[in-house]
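A.B. asks: One file: data-v4.cif (mmCIF, C-alpha atoms and all ligand atoms).
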```
data_final
loop_
_atom_site.label_atom_id
_atom_site.label_comp_id
_atom_site.auth_asym_id
_atom_site.auth_seq_id
_atom_site.Cartn_x
_atom_site.Cartn_y
_atom_site.Cartn_z
CA MET L 26 155.32 63.59 105.31
CA ASN L 27 153.15 64.64 102.44
CA GLY L 28 149.91 63.34 103.90
CA ALA L 29 148.18 60.88 101.62
CA ASP L 30 151.21 60.68 99.30
CA ALA L 31 153.29 59.15 102.05
CA THR L 32 154.30 55.76 100.77
CA GLU L 33 157.20 53.42 100.87
CA GLY L 34 160.24 55.06 99.40
CA LEU L 35 162.05 53.08 96.78
CA ILE L 36 165.06 55.32 96.94
CA ASP L 37 166.69 56.77 99.99
CA LEU L 38 169.44 59.27 99.30
CA HIS L 39 170.26 60.39 102.85
CA THR L 40 171.28 57.90 105.56
CA HIS L 41 173.89 57.50 108.31
CA SER L 42 175.85 54.53 109.60
CA SER L 43 178.07 53.92 112.61
CA CYS L 44 180.90 55.43 110.55
CA SER L 45 179.41 58.77 111.70
CA ASP L 46 176.50 59.17 114.13
CA GLY L 47 174.26 56.29 113.04
CA THR L 48 174.04 53.14 115.11
CA LEU L 49 174.00 50.47 112.37
CA ASP L 50 177.19 49.46 110.63
CA PRO L 51 177.06 49.84 106.83
CA ALA L 52 176.15 46.18 106.20
CA ALA L 53 173.33 46.27 108.77
CA LEU L 54 172.04 49.52 107.29
CA VAL L 55 171.94 47.96 103.82
CA GLN L 56 170.24 44.85 105.22
CA LEU L 57 167.50 46.97 106.80
CA ALA L 58 167.11 49.05 103.64
CA ALA L 59 166.71 45.91 101.53
CA GLU L 60 164.11 44.55 103.98
CA ARG L 61 162.17 47.80 103.61
CA GLY L 62 162.14 47.56 99.82
CA VAL L 63 164.68 50.30 99.18
CA ARG L 64 166.06 49.74 95.69
CA ALA L 65 168.59 52.56 95.57
CA LEU L 66 170.42 53.71 98.68
CA ALA L 67 172.93 56.47 99.39
CA LEU L 68 175.08 56.30 102.49
CA THR L 69 175.79 59.92 103.46
CA ASP L 70 177.77 59.88 106.69
CA HIS L 71 178.79 63.17 108.26
CA ASP L 72 182.25 64.21 107.08
CA SER L 73 183.35 60.64 106.37
CA VAL L 74 183.54 58.24 103.46
CA ALA L 75 184.85 55.31 105.52
CA GLY L 76 181.55 53.42 105.27
CA LEU L 77 181.30 53.59 101.49
CA PRO L 78 183.36 50.49 100.53
CA PRO L 79 181.55 48.12 102.94
CA ALA L 80 178.16 49.64 102.05
CA ALA L 81 178.91 49.18 98.34
CA ALA L 82 179.81 45.53 98.90
CA ALA L 83 176.65 44.91 100.96
CA CYS L 84 174.51 46.58 98.29
CA ARG L 85 176.02 44.36 95.59
CA ALA L 86 175.14 41.29 97.66
CA LYS L 87 171.56 42.47 98.22
CA ASP L 88 170.96 43.75 94.70
CA VAL L 89 170.40 47.30 95.96
CA CYS L 90 171.70 50.08 93.73
CA PHE L 91 174.35 51.94 95.74
CA VAL L 92 174.98 55.68 95.57
CA PRO L 93 178.22 56.65 97.35
CA GLY L 94 177.61 59.82 99.32
CA VAL L 95 178.73 62.09 102.14
CA GLU L 96 177.11 64.87 104.19
CA LEU L 97 179.54 67.74 104.72
CA SER L 98 179.02 70.43 107.35
CA CYS L 99 179.95 73.95 106.29
CA GLU L 100 179.31 77.59 107.03
CA TRP L 101 177.33 80.21 105.13
CA ARG L 102 176.80 83.72 106.59
CA GLY L 103 177.41 82.44 110.11
CA GLN L 104 174.92 79.60 109.70
CA GLU L 105 175.82 75.90 109.76
CA ILE L 106 174.68 74.29 106.52
CA HIS L 107 174.85 70.65 105.40
CA ILE L 108 175.63 69.66 101.82
CA VAL L 109 175.01 66.11 100.66
CA GLY L 110 177.43 64.97 97.97
CA LEU L 111 176.15 62.07 95.85
CA ASN L 112 178.16 59.89 93.50
CA VAL L 113 181.34 61.03 95.21
CA ASP L 114 184.58 59.15 94.71
CA ALA L 115 185.49 57.65 98.10
CA ALA L 116 189.14 57.29 97.10
CA GLU L 117 189.68 60.85 95.89
CA ALA L 118 192.61 62.46 97.73
CA GLY L 119 191.03 65.91 98.13
CA LEU L 120 187.88 64.51 99.73
CA LEU L 121 189.87 62.24 102.05
CA GLU L 122 192.07 65.12 103.21
CA TYR L 123 188.99 67.30 103.67
CA CYS L 124 187.32 64.65 105.86
CA ALA L 125 190.53 64.09 107.84
CA GLN L 126 190.73 67.81 108.57
CA LEU L 127 187.12 67.90 109.74
CA GLY L 128 187.78 64.85 111.91
CA ARG L 129 190.55 66.79 113.69
CA LEU L 130 188.34 69.85 114.16
CA ARG L 131 185.56 67.64 115.54
CA ARG L 132 187.89 66.04 118.10
CA GLU L 133 189.11 69.45 119.30
CA ARG L 134 185.56 70.62 119.62
CA MET L 135 184.54 67.47 121.50
CA GLN L 136 187.32 68.18 123.98
CA GLN L 137 185.90 71.69 124.48
CA MET L 138 182.38 70.35 124.92
CA SER L 139 183.68 67.85 127.46
CA GLU L 140 185.26 70.70 129.45
CA ARG L 141 182.08 72.76 129.23
CA LEU L 142 179.99 69.92 130.56
CA SER L 143 182.47 69.45 133.40
CA ALA L 144 182.18 73.15 134.20
CA VAL L 145 178.46 72.68 134.92
CA GLY L 146 179.14 69.70 137.18
CA LEU L 147 178.73 66.82 134.74
CA PRO L 148 181.38 64.10 134.17
CA GLY L 149 182.50 65.65 130.88
CA ALA L 150 185.46 63.35 130.17
CA ALA L 151 183.43 60.19 130.71
CA LEU L 152 180.53 61.54 128.63
CA ALA L 153 182.82 62.47 125.74
CA ALA L 154 184.86 59.25 125.82
CA PRO L 155 182.67 57.27 123.37
CA ALA L 156 182.75 60.16 120.87
CA LEU L 157 186.53 60.35 121.11
CA ARG L 158 186.88 56.65 120.35
CA VAL L 159 185.31 56.98 116.89
CA PRO L 160 186.69 58.83 113.85
CA VAL L 161 183.77 61.29 113.54
CA ALA L 162 183.04 62.77 116.97
CA THR L 163 179.52 64.19 116.90
CA ARG L 164 177.12 65.75 119.35
CA THR L 165 174.86 62.73 118.76
CA HIS L 166 177.45 60.53 120.51
CA LEU L 167 177.51 62.97 123.40
CA ALA L 168 173.70 63.04 123.50
CA ARG L 169 173.61 59.23 123.73
CA SER L 170 176.07 59.38 126.64
CA LEU L 171 173.92 61.97 128.41
CA VAL L 172 170.88 59.72 128.04
CA ALA L 173 172.80 56.61 129.15
CA GLY L 174 174.10 58.53 132.19
CA GLY L 175 170.60 59.59 133.19
CA PHE L 176 171.24 63.30 132.49
CA ALA L 177 168.51 63.46 129.84
CA ARG L 178 165.44 61.34 129.08
CA ASP L 179 166.07 61.15 125.35
CA LEU L 180 168.23 62.60 122.60
CA GLN L 181 165.96 65.59 122.07
CA GLU L 182 166.18 66.55 125.72
CA ALA L 183 169.96 66.11 125.68
CA PHE L 184 170.16 68.61 122.80
CA GLU L 185 167.62 70.96 124.38
CA ARG L 186 169.32 71.06 127.77
CA TYR L 187 173.00 70.77 126.92
CA LEU L 188 174.01 70.53 123.29
CA ARG L 189 172.06 73.07 121.26
CA ARG L 190 173.79 76.31 120.34
CA GLY L 191 173.65 78.54 123.42
CA ARG L 192 173.38 75.63 125.87
CA PRO L 193 176.11 74.91 128.43
CA GLY L 194 177.70 71.95 126.62
CA TYR L 195 177.82 73.54 123.18
CA ALA L 196 181.05 74.57 121.50
CA ALA L 197 181.18 76.16 118.09
CA ILE L 198 183.30 74.76 115.31
CA ALA L 199 184.93 76.67 112.45
CA TRP L 200 183.36 74.76 109.58
CA PRO L 201 184.78 75.35 106.10
CA ALA L 202 182.98 77.95 104.00
CA LEU L 203 180.21 76.77 101.66
CA GLY L 204 182.36 77.54 98.59
CA ARG L 205 185.17 75.31 99.82
CA THR L 206 182.74 72.44 100.44
CA MET L 207 181.19 72.81 97.01
CA GLU L 208 184.68 72.73 95.45
CA CYS L 209 185.45 69.56 97.36
CA ILE L 210 182.31 67.76 96.15
CA GLY L 211 182.79 69.05 92.61
CA GLY L 212 186.42 67.88 92.73
CA THR L 213 185.31 64.30 93.30
CA GLY L 214 182.91 64.42 90.36
CA GLY L 215 179.97 64.34 92.78
CA VAL L 216 176.55 65.97 92.62
CA ALA L 217 175.80 68.51 95.39
CA VAL L 218 172.42 68.61 97.16
CA LEU L 219 171.44 71.16 99.81
CA ALA L 220 170.39 69.03 102.79
CA HIS L 221 167.18 69.71 104.73
CA PRO L 222 166.76 73.36 103.66
CA HIS L 223 163.77 73.74 106.02
CA ARG L 224 165.81 73.00 109.16
CA TYR L 225 168.06 76.07 109.17
CA GLY L 226 165.51 78.48 110.57
CA LEU L 227 166.12 80.87 107.66
CA SER L 228 163.49 83.30 106.40
CA THR L 229 162.21 82.78 102.87
CA SER L 230 164.44 85.55 101.51
CA GLN L 231 167.52 84.25 103.37
CA LEU L 232 166.84 80.74 102.11
CA ALA L 233 166.46 82.07 98.56
CA ALA L 234 169.81 83.86 98.91
CA LEU L 235 171.42 80.62 100.09
CA VAL L 236 169.91 78.61 97.24
CA LEU L 237 170.99 81.23 94.70
CA GLU L 238 174.59 81.05 95.94
CA PHE L 239 174.46 77.25 96.18
CA LYS L 240 173.37 77.05 92.56
CA ALA L 241 176.04 79.53 91.44
CA LEU L 242 178.63 77.30 93.12
CA GLY L 243 177.49 74.31 91.07
CA GLY L 244 174.70 72.93 93.30
CA ALA L 245 172.35 70.50 91.58
CA GLY L 246 169.48 69.75 93.92
CA LEU L 247 167.48 70.44 97.08
CA GLU L 248 166.06 67.89 99.48
CA VAL L 249 162.36 68.39 98.87
CA SER L 250 161.06 65.35 100.69
CA LEU L 251 162.53 63.93 103.88
CA ALA L 252 161.11 61.74 106.58
CA GLY L 253 159.23 63.90 109.05
CA MET L 254 159.12 66.94 106.76
CA GLY L 255 155.79 68.74 106.89
CA ARG L 256 153.72 69.60 103.86
CA SER L 257 154.30 73.34 104.11
CA ASP L 258 158.08 72.92 104.43
CA SER L 259 158.11 70.60 101.43
CA ASP L 260 156.00 73.05 99.40
CA ARG L 261 158.36 75.87 100.33
CA VAL L 262 161.42 73.93 99.18
CA GLN L 263 159.67 72.74 96.00
CA THR L 264 158.88 76.34 95.12
CA LEU L 265 162.58 77.19 95.48
CA ALA L 266 163.61 74.19 93.37
CA ARG L 267 161.31 75.31 90.56
CA ARG L 268 162.32 78.95 90.86
CA PHE L 269 166.04 78.20 90.64
CA GLY L 270 165.82 75.25 88.24
CA LEU L 271 167.18 72.73 90.72
CA ALA L 272 166.39 69.03 90.93
CA GLY L 273 164.71 67.40 93.92
CA SER L 274 166.30 64.80 96.19
CA ILE L 275 164.60 62.60 98.77
CA GLY L 276 165.68 60.56 101.76
CA SER L 277 165.11 59.67 105.37
CA ASP L 278 168.17 61.12 107.19
CA PHE L 279 167.98 57.81 109.05
CA HIS L 280 170.31 57.43 112.07
CA GLN L 281 169.02 54.54 114.14
CA PRO L 282 166.16 52.06 114.36
CA GLY L 283 163.49 52.71 116.94
CA LEU L 284 163.24 56.47 116.53
CA PRO L 285 159.79 57.25 115.19
CA TRP L 286 160.98 60.22 113.13
CA ARG L 287 163.40 59.65 110.23
CA PRO L 288 162.54 55.98 109.51
CA LEU L 289 164.67 54.35 106.84
CA GLY L 290 163.01 54.31 103.42
CA ARG L 291 159.77 55.93 104.60
CA PHE L 292 158.95 59.39 103.28
CA ALA L 293 156.85 61.01 100.60
CA LYS L 294 157.69 60.30 96.99
CA LEU L 295 159.26 62.94 94.81
CA PRO L 296 156.50 65.24 93.55
CA SER L 297 156.00 64.90 89.79
CA ALA L 298 156.42 68.64 89.23
CA ILE L 299 160.06 68.46 90.35
CA SER L 300 162.83 67.02 88.21
CA PRO L 301 164.46 64.13 90.05
CA ILE L 302 168.12 64.20 91.08
CA THR L 303 168.24 60.54 90.02
CA THR L 304 168.63 61.75 86.42
CA SER L 305 171.98 63.37 87.35
CA LEU L 306 172.96 60.18 89.18
CA GLY L 307 172.38 57.86 86.25
CA LEU L 308 169.61 55.98 88.06
CA THR L 309 166.91 56.46 85.44
CA SER L 310 167.44 52.96 84.06
CA LEU L 311 165.98 51.61 87.30
CA GLY L 312 162.76 53.46 86.57
CA LEU L 313 163.20 55.36 89.84
P1 LIG L 401 177.38 67.74 115.07
O1 LIG L 401 177.56 67.53 113.58
O2 LIG L 401 178.45 67.08 115.88
O3 LIG L 401 177.18 69.17 115.45
O4 LIG L 401 176.07 66.96 115.47
C1 LIG L 401 174.89 67.24 114.84
C2 LIG L 401 174.03 65.99 114.77
O5 LIG L 401 173.22 65.94 115.91
C3 LIG L 401 173.08 66.02 113.61
O6 LIG L 401 173.66 65.37 112.50
C4 LIG L 401 171.88 65.26 114.09
O7 LIG L 401 172.02 63.89 113.78
C5 LIG L 401 171.94 65.40 115.59
N1 LIG L 401 170.95 66.32 116.14
C6 LIG L 401 170.94 67.67 116.04
N2 LIG L 401 169.90 68.19 116.72
C7 LIG L 401 169.24 67.14 117.27
C8 LIG L 401 168.08 67.00 118.10
N3 LIG L 401 167.41 68.08 118.52
N4 LIG L 401 167.70 65.76 118.47
C9 LIG L 401 168.39 64.67 118.06
N5 LIG L 401 169.49 64.74 117.29
C10 LIG L 401 169.91 65.95 116.89
MN MN L 402 173.50 63.23 112.31
MN MN L 403 172.20 67.18 108.34
MN MN L 404 171.99 63.66 107.82
#
```
Please, can you express the file's structure as structure tokens?
Ligand code: AMP
Ligand code: MN
Ligand code: MN
Ligand code: MN
C.D. replies:
Amino acid sequence: MNGADATEGLIDLHTHSSCSDGTLDPAALVQLAAERGVRALALTDHDSVAGLPPAAAACRAKDVCFVPGVELSCEWRGQEIHIVGLNVDAAEAGLLEYCAQLGRLRRERMQQMSERLSAVGLPGAALAAPALRVPVATRTHLARSLVAGGFARDLQEAFERYLRRGRPGYAAIAWPALGRTMECIGGTGGVAVLAHPHRYGLSTSQLAALVLEFKALGGAGLEVSLAGMGRSDSDRVQTLARRFGLAGSIGSDFHQPGLPWRPLGRFAKLPSAISPITTSLGLTSLGL
């Protein structure tokens, strides 16, 4: 967080529900957001828009301004990148087909990860079963199984020991190319935001190359303030936003209550030197 600036967020444009790898269903997520004073909320599940209709209904009931979103995984120069689409149309055929295709890829990959875990003596099929029961099979589901089975103390350790790239339970996935993902978000009339630019482990020049290409493909904003983001990372991303004329987006990347990092609605406010993505989303009337 940005030190002394860290205050209650009034808008949270990056959250997950149980429709991907969050633990709260969309209505419970909205309830918690409203309790925390969030006035505008985006649900941005991984590769799924299934939670958008119930989240929209819950937001109407709670008088929270709803931003329909999605977080799409894709590939750029061999690196996995996440793009948050905001104001997407949850009923648009191209986006639905795109998500369905990623759902199939994720299931195939989960099967491979299950076999890899079995190969190192773990009960792979049992560990992967919960992930294979839901539409969006993620490594987070597998990490929760590993913790529940006593194979890791917490989610971090599950990723460190088994699920990170290069670890025994990891299987790669052929994500769509960045350009294809940007087309998909553009095709729904959505606004594209590069998610957590500081988490890719890219050098400053690599990150600048990514941002340049992202902008050329129609990208509108960068996440400049996220829960748990350090001051130097935020400064680095803000510099890129100014250099490339991109707006700033903010959010928690919330997944579940009880984890001290990524708390819903708690992160630094958007710095005044950065133009807010809310302008592109039509949220200015809220004074946000
Ligand atoms: P997947 O999209 O299936 O590859 O799963 C990636 C998800 O795992 C991310 O969306 C995060 O929510 C979660 N994740 C990745 N790394 C970690 C970590 N070190 N600790 C906890 N969760 C993680
Ligand atoms: Mn996640
Ligand atoms: Mn992400
Ligand atoms: Mn996320």
A.B. asks: List all protein, DNA and RNA residues that have any atom at most 6 Å from ligand LIG 401 (chain L), counting all atoms listed in the file, and write the list as a ChimeraX atom specification.
C.D. replies: /L:163-165,180-181,184
A.B. asks: Restricting the calculation to only C-alpha atoms and all ligand atoms: of L:Leu247, L:Val95, L:Ala202, L:Val63, which residue gets closest to ligand MN 402 (chain L)?
C.D. replies: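 Answer, going by the shortest atom-to-atom distance: L:Val95.
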A.B. asks: List all protein, DNA and RNA residues that have at least one atom no more than 9 Å from any atom of ligand MN 402 (chain L), counting all atoms listed in the file, and write them as number ranges by chain.
C.D. replies: L: 40-41, 45-47, 70-71, 163-165, 278-280
A.B. asks: Limited to C-alpha atoms, could you put the picked residues into a file as a compact mmCIF listing (two decimals), in the coordinates of the input?
C.D. replies:
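Dumped to result38.txt:
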```txt
# COMPACT_ATOMS: atom_id res chain seq x y z
CA THR L 40 171.28 57.90 105.56
CA HIS L 41 173.89 57.50 108.31
CA SER L 45 179.41 58.77 111.70
CA ASP L 46 176.50 59.17 114.13
CA GLY L 47 174.26 56.29 113.04
CA ASP L 70 177.77 59.88 106.69
CA HIS L 71 178.79 63.17 108.26
CA THR L 163 179.52 64.19 116.90
CA ARG L 164 177.12 65.75 119.35
CA THR L 165 174.86 62.73 118.76
CA ASP L 278 168.17 61.12 107.19
CA PHE L 279 167.98 57.81 109.05
CA HIS L 280 170.31 57.43 112.07
```
A.B. asks: List the spatial neighbours of stretch 136-138 of chain L as a compact mmCIF listing (two decimals) with C-alpha atoms, in the frame of the given file - criterion: any atom at most 12 Å away, all atoms listed in the file, same-chain residues fewer than 2 positions off excluded.
C.D. replies:
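Okay, selection.txt is ready:
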```txt
# COMPACT_ATOMS: atom_id res chain seq x y z
CA ARG L 129 190.55 66.79 113.69
CA LEU L 130 188.34 69.85 114.16
CA ARG L 131 185.56 67.64 115.54
CA ARG L 132 187.89 66.04 118.10
CA GLU L 133 189.11 69.45 119.30
CA ARG L 134 185.56 70.62 119.62
CA GLU L 140 185.26 70.70 129.45
CA ARG L 141 182.08 72.76 129.23
CA LEU L 142 179.99 69.92 130.56
CA SER L 143 182.47 69.45 133.40
CA ALA L 144 182.18 73.15 134.20
CA VAL L 145 178.46 72.68 134.92
CA LEU L 147 178.73 66.82 134.74
CA PRO L 148 181.38 64.10 134.17
CA GLY L 149 182.50 65.65 130.88
CA ALA L 150 185.46 63.35 130.17
CA ALA L 151 183.43 60.19 130.71
CA LEU L 152 180.53 61.54 128.63
CA ALA L 153 182.82 62.47 125.74
CA ALA L 154 184.86 59.25 125.82
CA PRO L 155 182.67 57.27 123.37
CA ALA L 156 182.75 60.16 120.87
CA LEU L 157 186.53 60.35 121.11
CA ALA L 162 183.04 62.77 116.97
CA THR L 163 179.52 64.19 116.90
CA ARG L 164 177.12 65.75 119.35
CA HIS L 166 177.45 60.53 120.51
CA LEU L 167 177.51 62.97 123.40
CA ALA L 168 173.70 63.04 123.50
CA TYR L 187 173.00 70.77 126.92
CA LEU L 188 174.01 70.53 123.29
CA ARG L 189 172.06 73.07 121.26
CA ARG L 190 173.79 76.31 120.34
CA ARG L 192 173.38 75.63 125.87
CA PRO L 193 176.11 74.91 128.43
CA GLY L 194 177.70 71.95 126.62
CA TYR L 195 177.82 73.54 123.18
CA ALA L 196 181.05 74.57 121.50
CA ALA L 197 181.18 76.16 118.09
CA ILE L 198 183.30 74.76 115.31
```
A.B. asks: Compute the distance from (168.2, 67.7, 102.4) to each atom, counting all atoms listed in the file, keep the residues with any atom at most 8 Å away, and return them as number ranges by chain; use the coordinates of the file.
C.D. replies: L: 39, 107-109, 218-222, 247-251, 274-276
A.B. asks: Here is a test: counting all atoms listed in the file, which residue of L:Ala217, L:Leu203, L:Leu284, L:Ile299 is nearest to L:Gln104?
C.D. replies: L:Leu203
A.B. asks: Could you check the closest approach to ligand MN 404 (chain L) for each of L:Leu57, L:Leu97, L:Leu271, L:Ala298 and tell me which residue wins, using all atoms listed in the file?
C.D. replies: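 Comparing L:Leu57, L:Leu97, L:Leu271, L:Ala298 against ligand MN 404 (chain L), the winner is L:Leu97.
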A.B. asks: Pick from L:Glu105, L:Asp179, L:Glu208, L:Glu122: nearest to L:Leu227, with only C-alpha atoms counted?
C.D. replies: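 For L:Leu227, the nearest of the given residues is L:Glu105.
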A.B. asks: Restricting the calculation to only C-alpha atoms and all ligand atoms: of L:Arg224, L:Ser73, L:Ser43, L:Cys209, which residue gets closest to ligand MN 403 (chain L)?
C.D. replies: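 Smallest separation from ligand MN 403 (chain L) among the options: L:Arg224.
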A.B. asks: List as a PyMOL selection string the residues having at least one atom at most 12 Å from position (173.4, 41.3, 97.2) as given in the file, counting all atoms listed in the file.
C.D. replies: chain L and resi 52+55-56+58-60+64+80-91
A.B. asks: Give, as JSON, the centre coordinates and the x, y and z edge lengths in Å to one decimal for an axis-aligned box around all listed atoms of stretch 42-61 of chain L, padded by 5 Å on each side.
C.D. replies:
```
{"center_x": 171.5, "center_y": 51.9, "center_z": 108.3, "size_x": 28.7, "size_y": 24.6, "size_z": 23.6}
```
A.B. asks: So, with all atoms listed in the file as the atoms that count, which of L:Leu242, L:Ala252, L:Val236, L:Leu265 lies closest to ligand MN 404 (chain L)?
C.D. replies: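 Ranking L:Leu242, L:Ala252, L:Val236, L:Leu265 by distance to ligand MN 404 (chain L), first place goes to L:Ala252.
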A.B. asks: Quick one: distance from atom CA of L:Met135 to atom CA of L:Cys44 in Å, one decimal?
C.D. replies: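 Between these atoms lies a distance of 16.7 Å.
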